[in-house]
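Data block below; observations after.
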Amino acid sequence: MQTKKSSVTLIALVVAMGGFLMGFDASVISGVIKFIEPEFQLSKIELGWAVASLSLSATVAMMFAGPISDKYGRIVVLKYSALLYAFSAVLSALAPTFFILVLARMLAGIGVGISLIIAPMYIAEIAPADKRGKMVSFNQLNIVIGLSVAFFTNYLIVHLASSDAAWVENLRIREYNWRWMLGIEFIPAFFYFIFLFFVPQSPRWLIMKGRFSEALDIMKTVGDEKVAEKVVAEIQESILLDSAPKEKISIKELFVPSMKLVMTIGIGIAILQQIVGINCVFFYAPMIFEQSGIGTDASFIQAILVGLINVVFTIVAMALIDKLGRKPLLVVGVSGIALSMFVLAYSFNAATYTLTDASVDKLPVEINDGQLNSLKNKTFETDTEFKNAVASTIGTAVANKYESELITASIKMNSTLILFCILGFVASFAISLGPVMWVLFSELFPNRIRGIAISFVGFINSAVSFLVQLVFPWELSRLGTTLTFLIFGLFAFLGLLLIIKLLPETKGKSLEQLEAILVK
């Protein structure tokens, strides 16, 4: 019996590698943007597009992943997602133009959309009922681990680029640093594809296709024989009921008067999760840390801390969500998000920017030939004023290329406080909006419309994520760090008020009890 438990756990861990690849692919771009902006001479919106394009294609893929897997099988579709990850990694690394790079990122986004939907679906279908919650959570945990590993490999490549080792020179890591960051994903994607050949097909899918004996054989390998026969019989009965003619549910039913409260909560939480700027921190972490003047290498190291904090507090949330409840975690977490963003805004507002003779002497030769003399010993109160003055003096292209060095040479601020605020923000998100949102979505909506309602609010969540990622570089450039983080903090504060006033505690209540409370 122990062997059978180990078997299904191993299967779940293999399939959950899709979550790892998703997290890696989403956050690896954080280390790339610093280098592709000058290489391809990108505008701030184009830079945002390089990051957000993955979310756009992932959103589209999520709409079709389920039906396609119903037709061809969960494992078959996951194999194609692994191939997409692998191919996009190679294409990204070799991309000769910005257009090809975005195309490669969008192909990866299709893989992200597939694995986000199908991996947890497969695990839920093969896991024993008493282990299902824990095993499905493997996927979410792997996502945050993937985020962390991407931050680490980005730092490792940047660090290697400064080495004089012969093999580093032979691999041209210094010259092709960002290409190595993207291309390294081919390795886990390749192994994921190979491992999936040793994973059985979903028993539920086999039963849907009338292949009952195959389904029973698989269930026997991962559980007790009598239990397997009972589960297969229950699945057959469930599928038979599902195939019976049903009343068609229209999206209009989400907006009838009785659904006003539950849809306000659902849409509000869906927007809140993304509009507080979480993916800006994950996908632009080194850029944000560079704004505090710590330099490129240190910014990549601190990005690793972001990933580790995210992993630790995701595990904490998994342990507390059924003990403390959903609402307490959200109130504490969103309060922490708002406070972190307000302190960030205050810290950047207190910063000043002054180039001195000594600091200019340390700048690269390309911008240290007298061009900056007119700016020496002149103090700027905001980052936007400083960046605009530098760009008008040495040109936008050069200013963008050496932005980190220029900020490091001029800024006066508490960079340690910035680090603690970012880590506090990530920890607050990881114990609240990160894991709690999807749990709430599975509980808030009435049984009859739950499927279409979750799809609708999930689409809103993805759309807001895309827009926030797209405009973030533009916000930093035009509005500045202070106003950008202040806006995120205000959104979090408004969301906190919504949670306190409207959200009931869902822990320990049946779906029917919640429906009676929310649908009026």
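Ordering of the structure tokens sets the chain letters (A, B, ...), residue numbers begin anew at 1 in every chain, and ligands are numbered from 1 in the order given.
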
Would you write out, as a Markdown table, a table of all residues in range 374-472 of chain A that have an atom no more than 9 Å from an atom of range 304-313 of chain A, listing for each the closest atom pair and the distance in Å to one decimal, considering only C-alpha atoms and ordering rows by chain and rising residue number?
```
| residue | atom | partner | partner_atom | distance |
| --- | --- | --- | --- | --- |
| A:Ile422 | CA | A:Val306 | CA | 7.6 |
| A:Leu423 | CA | A:Val306 | CA | 5.9 |
| A:Gly424 | CA | A:Ile309 | CA | 8.7 |
| A:Val426 | CA | A:Asn310 | CA | 6.1 |
| A:Ala427 | CA | A:Phe313 | CA | 5.7 |
| A:Ser428 | CA | A:Phe313 | CA | 8.0 |
| A:Phe429 | CA | A:Asn310 | CA | 8.3 |
| A:Ala430 | CA | A:Phe313 | CA | 5.4 |
| A:Ile431 | CA | A:Phe313 | CA | 5.7 |
```

| request: Check the DSSP output for the backbone and give back, as a PyMOL selection string, the residues of range 411-505 of chain A in alpha helix (DSSP H). | output: chain A and resi 415-430+433-444+450-478+480-502

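Proximity of A:Ser477, A:Ser162, A:Ser115, A:Ser462 to Glu175 in chain A, computed with only C-alpha atoms, is greatest for A:Ser162.
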
| request: Provide the CA of Phe300 in chain A to CA of Pro96 in chain A distance in Å, to one decimal place. | output: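 Taking CA of Phe300 in chain A as the start and CA of Pro96 in chain A as the end point, the length is 25.3 Å.
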
| message | I'd like the neighbourhood of range 262-277 of chain A as a ChimeraX atom specification, where a residue qualifies if any of its atoms comes within 6 Å (using only C-alpha atoms), though same-chain residues fewer than 2 positions away should be ignored. | response | /A:259-260,279-280,433,457,461,465,488,492,518

Using only C-alpha atoms, please write the residues we just selected to a file, as a short mmCIF file (atom, residue, chain, number, x, y, z; two decimals), in the first residue's frame.
```cif
data_model
loop_
_atom_site.label_atom_id
_atom_site.label_comp_id
_atom_site.auth_asym_id
_atom_site.auth_seq_id
_atom_site.Cartn_x
_atom_site.Cartn_y
_atom_site.Cartn_z
CA MET A 259 -26.27 37.93 -8.04
CA LYS A 260 -25.23 41.54 -7.40
CA ASN A 279 3.24 40.57 -11.26
CA CYS A 280 5.13 43.85 -11.62
CA LEU A 433 -4.62 37.08 -2.40
CA VAL A 457 -13.87 36.28 -13.19
CA ASN A 461 -8.15 38.53 -13.56
CA SER A 465 -2.75 41.13 -15.16
CA PHE A 488 -0.82 50.29 -5.99
CA ALA A 492 -4.95 47.71 -1.96
CA LEU A 518 -24.80 35.70 -0.81
#
```

Hey, what's within 7 Å of range 81-95 of chain A if we count only C-alpha atoms and toss same-chain stuff fewer than 5 positions away? As a short mmCIF file (atom, residue, chain, number, x, y, z; two decimals) with C-alpha atoms, in the first residue's frame, please?
```cif
data_model
loop_
_atom_site.label_atom_id
_atom_site.label_comp_id
_atom_site.auth_asym_id
_atom_site.auth_seq_id
_atom_site.Cartn_x
_atom_site.Cartn_y
_atom_site.Cartn_z
CA ILE A 100 10.48 37.00 -33.02
CA LEU A 101 11.14 37.33 -29.29
CA ALA A 104 8.38 33.04 -28.88
CA ARG A 105 7.02 34.43 -25.60
CA LEU A 107 4.12 30.44 -27.81
CA ALA A 108 5.34 29.90 -24.27
CA GLY A 111 2.09 26.32 -22.80
CA ILE A 114 -2.41 24.68 -20.91
CA SER A 115 -0.38 23.65 -17.88
CA ARG A 179 19.71 34.65 -24.43
CA TRP A 180 21.15 32.12 -21.98
CA LEU A 182 15.75 32.31 -21.77
CA GLY A 183 17.35 29.30 -23.41
CA GLU A 185 14.44 26.58 -19.83
CA PHE A 186 14.87 24.01 -22.60
CA ALA A 189 11.03 21.37 -20.52
CA PHE A 190 12.82 18.48 -22.25
CA TYR A 192 9.13 17.19 -18.48
CA PHE A 193 8.29 15.93 -21.97
#
```

| said: Which residue is closest to Met181 in chain A? Choose from A:Phe195, A:Tyr346, A:Trp438, A:Phe24 and count only C-alpha atoms. | reply: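 Ranked by minimum distance to Met181 in chain A, first place goes to A:Phe24.
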
| If we count only C-alpha atoms, what is near Met17 in chain A at a cut-off of 9 Å, once residues fewer than 5 positions away on the same chain are taken out, given as a PyMOL selection string? | chain A and resi 12+22+115+119+138-139+142-143+146+188-189+192

| note | Between A:Leu261, A:Ile500, A:Val281, A:Met135, smallest distance to Val332 in chain A by only C-alpha atoms belongs to A:Ile500

| message | DSSP on the backbone: which residues in range 364-421 of chain A end up as strand (DSSP E)? Give the answer as a PyMOL selection string. | response | chain A and resi 379-380+411-412

For the selection just defined, write its residues with all heavy atoms to a file, as a PDB file, in the first residue's frame.
```pdb
ATOM      1  N   THR A 379      20.988  68.858  -7.613  1.00  0.00           N
ATOM      2  CA  THR A 379      20.150  67.882  -6.918  1.00  0.00           C
ATOM      3  C   THR A 379      18.741  67.846  -7.516  1.00  0.00           C
ATOM      4  O   THR A 379      18.108  68.895  -7.700  1.00  0.00           O
ATOM      5  CB  THR A 379      20.052  68.205  -5.417  1.00  0.00           C
ATOM      6  OG1 THR A 379      21.366  68.137  -4.851  1.00  0.00           O
ATOM      7  CG2 THR A 379      19.146  67.204  -4.710  1.00  0.00           C
ATOM      8  N   PHE A 380      18.274  66.633  -7.806  1.00  0.00           N
ATOM      9  CA  PHE A 380      16.917  66.420  -8.323  1.00  0.00           C
ATOM     10  C   PHE A 380      16.093  65.727  -7.247  1.00  0.00           C
ATOM     11  O   PHE A 380      16.555  64.786  -6.595  1.00  0.00           O
ATOM     12  CB  PHE A 380      16.963  65.555  -9.592  1.00  0.00           C
ATOM     13  CG  PHE A 380      17.702  66.199 -10.737  1.00  0.00           C
ATOM     14  CD1 PHE A 380      19.078  66.018 -10.889  1.00  0.00           C
ATOM     15  CD2 PHE A 380      17.033  66.982 -11.664  1.00  0.00           C
ATOM     16  CE1 PHE A 380      19.771  66.606 -11.935  1.00  0.00           C
ATOM     17  CE2 PHE A 380      17.709  67.577 -12.715  1.00  0.00           C
ATOM     18  CZ  PHE A 380      19.080  67.385 -12.849  1.00  0.00           C
ATOM     19  N   ILE A 411      21.884  58.459  -6.389  1.00  0.00           N
ATOM     20  CA  ILE A 411      20.764  58.406  -5.447  1.00  0.00           C
ATOM     21  C   ILE A 411      21.222  58.418  -3.994  1.00  0.00           C
ATOM     22  O   ILE A 411      22.274  57.887  -3.646  1.00  0.00           O
ATOM     23  CB  ILE A 411      19.886  57.151  -5.723  1.00  0.00           C
ATOM     24  CG1 ILE A 411      18.530  57.271  -5.022  1.00  0.00           C
ATOM     25  CG2 ILE A 411      20.613  55.882  -5.278  1.00  0.00           C
ATOM     26  CD1 ILE A 411      17.528  56.207  -5.457  1.00  0.00           C
ATOM     27  N   LYS A 412      20.401  59.037  -3.168  1.00  0.00           N
ATOM     28  CA  LYS A 412      20.560  58.983  -1.713  1.00  0.00           C
ATOM     29  C   LYS A 412      19.222  58.544  -1.131  1.00  0.00           C
ATOM     30  O   LYS A 412      18.233  59.277  -1.188  1.00  0.00           O
ATOM     31  CB  LYS A 412      20.962  60.347  -1.162  1.00  0.00           C
ATOM     32  CG  LYS A 412      22.368  60.776  -1.526  1.00  0.00           C
ATOM     33  CD  LYS A 412      22.722  62.100  -0.884  1.00  0.00           C
ATOM     34  CE  LYS A 412      24.156  62.523  -1.232  1.00  0.00           C
ATOM     35  NZ  LYS A 412      24.509  63.828  -0.649  1.00  0.00           N
TER      36      LYS A 412
END
```

| message | Need to verify the contact set: range 352-368 of chain A, 10 Å, only C-alpha atoms, exclusion of same-chain residues closer than 4 positions in sequence. Can you return it as a ChimeraX atom specification? | response | /A:348,372-383,385-387,394,398-399,402,405-413

Do you know which residues are at most 9 Å from Asp297 in chain A counting only C-alpha atoms, after dropping those on the same chain fewer than 4 positions away, and could you put them as a CSV table (one decimal) with all heavy atoms, in the first residue's frame?
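Generated file (result.csv):
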```csv
chain,number,residue,atom,x,y,z
A,155,TYR,N,20.4,35.4,-11.9
A,155,TYR,CA,21.6,36.0,-11.1
A,155,TYR,C,22.9,35.2,-11.5
A,155,TYR,O,23.9,35.8,-11.7
A,155,TYR,CB,21.3,35.9,-9.6
A,155,TYR,CG,22.6,36.0,-8.8
A,155,TYR,CD1,23.2,37.3,-8.7
A,155,TYR,CD2,23.2,34.9,-8.2
A,155,TYR,CE1,24.4,37.5,-8.0
A,155,TYR,CE2,24.4,35.1,-7.6
A,155,TYR,CZ,25.0,36.4,-7.5
A,155,TYR,OH,26.2,36.5,-6.8
A,158,VAL,N,24.2,36.4,-14.8
A,158,VAL,CA,24.8,37.7,-14.7
A,158,VAL,C,26.2,37.6,-14.0
A,158,VAL,O,27.1,38.3,-14.4
A,158,VAL,CB,23.8,38.6,-13.9
A,158,VAL,CG1,24.6,39.9,-13.5
A,158,VAL,CG2,22.6,39.0,-14.8
A,159,HIS,N,26.2,36.8,-13.0
A,159,HIS,CA,27.5,36.6,-12.2
A,159,HIS,C,28.5,36.0,-13.1
A,159,HIS,O,29.7,36.4,-13.1
A,159,HIS,CB,27.2,35.8,-11.0
A,159,HIS,CG,28.4,35.6,-10.1
A,159,HIS,ND1,29.0,36.6,-9.4
A,159,HIS,CD2,29.2,34.5,-9.9
A,159,HIS,CE1,30.0,36.1,-8.7
A,159,HIS,NE2,30.2,34.8,-9.0
A,286,PRO,N,14.3,42.9,-10.6
A,286,PRO,CA,15.6,43.6,-10.7
A,286,PRO,C,15.5,45.0,-11.1
A,286,PRO,O,16.2,45.9,-10.5
A,286,PRO,CB,16.4,42.8,-11.8
A,286,PRO,CG,15.7,41.4,-11.8
A,286,PRO,CD,14.3,41.7,-11.5
A,301,ILE,N,20.4,39.5,-6.9
A,301,ILE,CA,20.5,38.8,-5.6
A,301,ILE,C,19.2,39.0,-4.8
A,301,ILE,O,18.6,38.1,-4.3
A,301,ILE,CB,21.7,39.2,-4.8
A,301,ILE,CG1,23.0,38.7,-5.5
A,301,ILE,CG2,21.6,38.6,-3.4
A,301,ILE,CD1,24.3,39.2,-4.8
A,302,GLN,N,18.8,40.2,-4.7
A,302,GLN,CA,17.6,40.5,-4.0
A,302,GLN,C,16.3,40.0,-4.6
A,302,GLN,O,15.4,39.6,-3.9
A,302,GLN,CB,17.4,42.1,-3.8
A,302,GLN,CG,18.5,42.6,-2.9
A,302,GLN,CD,18.3,44.1,-2.5
A,302,GLN,OE1,17.3,44.7,-3.0
A,302,GLN,NE2,19.1,44.6,-1.7
```

| query | What does the distance from CA of Gly480 in chain A to CA of Leu497 in chain A come to in Å, to one decimal? | reply |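 Atom-to-atom, CA of Gly480 in chain A to CA of Leu497 in chain A, that is 26.5 Å.
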
| query | So what do you get for CA of Met62 in chain A versus CA of Gln201 in chain A, distance-wise? | reply |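 Separating CA of Met62 in chain A from CA of Gln201 in chain A is a distance of 20.4 Å.
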
| request: Pick out the closest residue to Lys220 in chain A from this set: A:Leu13, A:Ile288, A:Val8, A:Ile123. Count only C-alpha atoms. | output: A:Val8
